[in-house]
$ cat my_file.cif   # mmCIF, C-alpha atoms
data_upload
#
loop_
_atom_site.label_atom_id
_atom_site.label_comp_id
_atom_site.auth_asym_id
_atom_site.auth_seq_id
_atom_site.Cartn_x
_atom_site.Cartn_y
_atom_site.Cartn_z
CA GLN A 100 6.87 20.41 -3.67
CA VAL A 101 9.82 21.14 -1.40
CA GLN A 102 10.85 19.12 1.62
CA LEU A 103 13.17 20.55 4.25
CA VAL A 104 15.25 18.69 6.83
CA GLU A 105 17.07 20.58 9.58
CA SER A 106 20.03 19.25 11.53
CA GLY A 107 22.74 20.48 13.85
CA GLY A 108 20.76 21.31 16.94
CA GLY A 109 21.82 20.24 20.40
CA LEU A 110 22.80 21.28 23.90
CA VAL A 111 25.46 23.96 24.32
CA GLN A 112 26.67 26.16 27.14
CA THR A 113 26.21 29.92 27.24
CA GLY A 114 28.72 31.55 24.91
CA GLY A 115 29.03 28.47 22.75
CA SER A 116 28.33 27.97 19.06
CA LEU A 117 26.22 25.74 16.86
CA ARG A 118 25.73 25.49 13.12
CA LEU A 119 22.33 24.49 11.85
CA SER A 120 21.83 23.04 8.38
CA CYS A 121 18.71 22.85 6.25
CA LEU A 122 18.70 20.44 3.32
CA ALA A 123 16.05 21.19 0.71
CA SER A 124 14.70 18.82 -1.89
CA GLY A 125 13.48 20.16 -5.21
CA ARG A 126 15.29 22.47 -7.60
CA THR A 127 12.86 25.35 -7.13
CA SER A 128 14.12 26.08 -3.63
CA SER A 129 17.25 27.62 -5.11
CA MET A 130 15.15 30.34 -6.78
CA TYR A 131 13.50 31.58 -3.59
CA GLU A 132 14.45 33.09 -0.28
CA MET A 133 15.03 30.87 2.72
CA GLY A 134 14.47 31.75 6.32
CA TRP A 135 15.07 30.55 9.84
CA PHE A 136 12.49 30.89 12.58
CA ARG A 137 12.38 29.71 16.17
CA GLN A 138 9.75 28.90 18.73
CA ALA A 139 10.35 28.71 22.46
CA PRO A 140 7.92 26.92 24.80
CA GLY A 141 4.82 29.02 25.39
CA LYS A 142 5.85 31.61 22.82
CA GLU A 143 4.91 32.35 19.24
CA ARG A 144 7.16 31.43 16.35
CA GLU A 145 9.53 34.30 15.63
CA PHE A 146 11.69 35.37 12.74
CA VAL A 147 15.44 34.83 13.09
CA ALA A 148 17.05 35.38 9.70
CA ALA A 149 16.40 35.29 5.96
CA ILE A 150 18.54 35.10 2.83
CA SER A 151 17.75 35.82 -0.80
CA TRP A 152 18.02 33.18 -3.50
CA ASN A 153 21.52 34.29 -4.50
CA ALA A 154 22.68 35.20 -0.97
CA TYR A 155 23.08 38.86 -1.96
CA SER A 156 20.54 39.98 0.64
CA THR A 157 20.25 38.95 4.26
CA ASP A 158 18.11 40.09 7.15
CA TYR A 159 18.31 39.40 10.87
CA ALA A 160 16.17 39.89 13.92
CA ASP A 161 17.64 42.47 16.25
CA SER A 162 18.01 39.86 18.96
CA VAL A 163 20.52 37.82 16.91
CA LYS A 164 22.20 40.49 14.80
CA GLY A 165 25.97 40.30 15.16
CA ARG A 166 25.83 36.79 16.65
CA PHE A 167 24.12 34.70 13.98
CA ALA A 168 24.96 34.38 10.29
CA ILE A 169 22.76 32.89 7.58
CA SER A 170 24.22 31.48 4.40
CA ARG A 171 23.30 29.08 1.61
CA ASP A 172 24.89 26.82 -0.95
CA ASN A 173 22.50 26.31 -3.84
CA ALA A 174 24.74 23.66 -5.38
CA LYS A 175 24.07 21.60 -2.25
CA ASN A 176 20.47 22.79 -1.80
CA THR A 177 21.43 23.70 1.75
CA ALA A 178 21.01 26.72 3.98
CA TYR A 179 22.97 27.28 7.17
CA LEU A 180 22.60 29.24 10.37
CA GLN A 181 25.85 29.81 12.24
CA MET A 182 25.02 30.71 15.82
CA ASN A 183 27.73 32.20 18.02
CA SER A 184 27.75 33.67 21.52
CA LEU A 185 24.64 31.72 22.35
CA LYS A 186 22.47 32.79 25.25
CA PRO A 187 19.86 30.88 27.30
CA GLU A 188 17.16 32.98 25.63
CA ASP A 189 18.17 31.45 22.29
CA THR A 190 16.76 28.13 23.49
CA ALA A 191 14.01 27.09 21.10
CA VAL A 192 13.05 24.78 18.28
CA TYR A 193 14.57 26.21 15.12
CA TYR A 194 12.73 25.86 11.83
CA CYS A 195 13.92 26.31 8.29
CA ALA A 196 11.47 27.67 5.72
CA VAL A 197 11.36 28.34 2.00
CA LYS A 198 9.18 30.83 0.17
CA GLY A 199 8.08 28.73 -2.77
CA SER A 200 5.71 31.16 -4.48
CA GLY A 201 5.70 34.68 -5.87
CA ILE A 202 8.50 36.33 -7.82
CA ILE A 203 11.47 34.04 -8.38
CA ARG A 204 15.01 35.29 -7.92
CA SER A 205 13.81 38.23 -5.83
CA LEU A 206 16.02 40.15 -3.43
CA LEU A 207 13.03 41.10 -1.28
CA LEU A 208 13.08 39.36 2.10
CA HIS A 209 10.20 38.61 4.44
CA ARG A 210 9.92 38.32 8.19
CA ALA A 211 6.35 37.06 8.45
CA ALA A 212 5.96 33.32 8.81
CA HIS A 213 2.87 33.24 6.58
CA GLU A 214 5.01 34.39 3.65
CA TYR A 215 6.81 31.05 3.61
CA ASP A 216 5.28 28.01 1.96
CA TYR A 217 7.43 25.11 3.09
CA TRP A 218 8.70 24.23 6.55
CA GLY A 219 11.00 21.70 8.09
CA GLN A 220 10.24 19.65 11.18
CA GLY A 221 12.52 21.72 13.40
CA THR A 222 15.64 21.05 15.42
CA GLN A 223 15.99 21.70 19.15
CA VAL A 224 18.62 24.13 20.40
CA THR A 225 19.15 24.29 24.14
CA VAL A 226 21.56 26.76 25.72
CA SER A 227 22.42 26.08 29.35
CA SER A 228 23.36 28.85 31.75
#
$ encode --input "my_file.cif" --output "structure tokens"
Amino acid sequence: QVQLVESGGGLVQTGGSLRLSCLASGRTSSMYEMGWFRQAPGKEREFVAAISWNAYSTDYADSVKGRFAISRDNAKNTAYLQMNSLKPEDTAVYYCAVKGSGIIRSLLLHRAAHEYDYWGQGTQVTVSS
């Protein structure tokens, strides 16, 4: 079992930056990919970014590419999402997720939410115009 706790959300002005953190419990999380998703009011949850177990592979949604950066520190069981040049359309609840099944230590990344087995409670990010 893996438990995830996100932090770092808040209110920021357009053009500002935030760094989200996701602390994972359980050693197995370090052997699987981690992802960030977001859900705005009235919209479906959408993929933001993913990172392989060893950080060799990353993937980003087109809407955040060049502005957001995903990273992880397995020694701290923590994943990060650095968000720069924030826009009002980035406003959403951001969720961290871990794929806790399938091939371990894989470089293959997934964008579909159903591929991930464990989810955090989410952290609110609000970007004011």
$ atom_distance --input "my_file.cif" --atom1 "atom CA of A:Ser116" --atom2 "atom CA of A:Ser227"
12.0 Å
$ closest_residue --input "my_file.cif" --among "A:Asp161, A:Glu105, A:Glu145, A:Glu132" --to "A:Val197" --atoms "all atoms listed in the file"
A:Glu132
$ resolve_selection --input "my_file.cif" --expression "the PyMOL selection byres ((chain A and resi 206) around 8)" --output "MDAnalysis selection string"
chainID A and resid 132 151:152 155:156 204:205 207:208
$ closest_residue --input "my_file.cif" --among "A:Ser200, A:Thr190, A:Gln181, A:Gln223" --to "A:Val101" --atoms "all atoms listed in the file"
A:Ser200
$ resolve_selection --input "my_file.cif" --expression "the PyMOL selection byres ((chain A and resi 146) around 10)" --output "list in words"
Gly134, Trp135, Phe136, Arg137, Gln138, Glu143, Arg144, Glu145, Val147, Ala148, Ala149, Asp158, Tyr159, Ala160, Asp161, Ser162, Tyr193, Tyr194, His209, Arg210, Ala211 and Ala212 of chain A
$ residues_around --input "my_file.cif" --residues "A:Phe167" --least-positions-apart "4" --cutoff "8 Å" --atoms "all atoms listed in the file" --output "list of chain:residue names"
A:Val163, A:Leu180, A:Gln181, A:Met182, A:Asn183
$ residues_around --input "my_file.cif" --residues "A:Asn173" --least-positions-apart "3" --cutoff "12 Å" --atoms "all atoms listed in the file" --output "list in words"
Cys121, Leu122, Ala123, Ser124, Gly125, Arg126, Thr127, Ser128, Ser129, Met130, Tyr131, Glu132, Met133, Ile150, Ser151, Trp152, Asn153, Ala154, Ser170, Asn176, Thr177, Ala178 and Tyr179 of chain A
$ closest_residue --input "my_file.cif" --among "A:Gly219, A:Gly199, A:Gly165, A:Gly114" --to "A:Pro187" --atoms "all atoms listed in the file"
A:Gly114
$ closest_residue --input "my_file.cif" --among "A:Ile202, A:Leu103, A:Ile169, A:Ala191" --to "A:Arg118" --atoms "all atoms listed in the file"
A:Ile169
$ closest_residue --input "my_file.cif" --among "A:Leu119, A:Ile203, A:Ala174, A:Val224" --to "A:Lys186" --atoms "all atoms listed in the file"
A:Val224
$ atom_distance --input "my_file.cif" --atom1 "atom CA of A:Gln102" --atom2 "atom CA of A:Glu214"
16.5 Å
$ axis_aligned_box --input "my_file.cif" --around "stretch 126-145 of chain A" --padding-each-side "3 Å" --output "lines of an AutoDock Vina configuration file"
center_x = 11.0
center_y = 28.4
center_z = 8.9
size_x = 18.4
size_y = 17.8
size_z = 39.0
$ closest_residue --input "my_file.cif" --among "A:Ala168, A:Thr225, A:Gly201, A:Cys195" --to "A:Val104" --atoms "all atoms listed in the file"
A:Cys195
$ atom_distance --input "my_file.cif" --atom1 "atom CA of A:Thr222" --atom2 "atom CA of A:Thr157"
21.6 Å
$ resolve_selection --input "my_file.cif" --expression "the PyMOL selection byres ((chain A and resi 112) around 8)" --output "PyMOL selection string"
chain A and resi 110-111+113-115+185+226-228
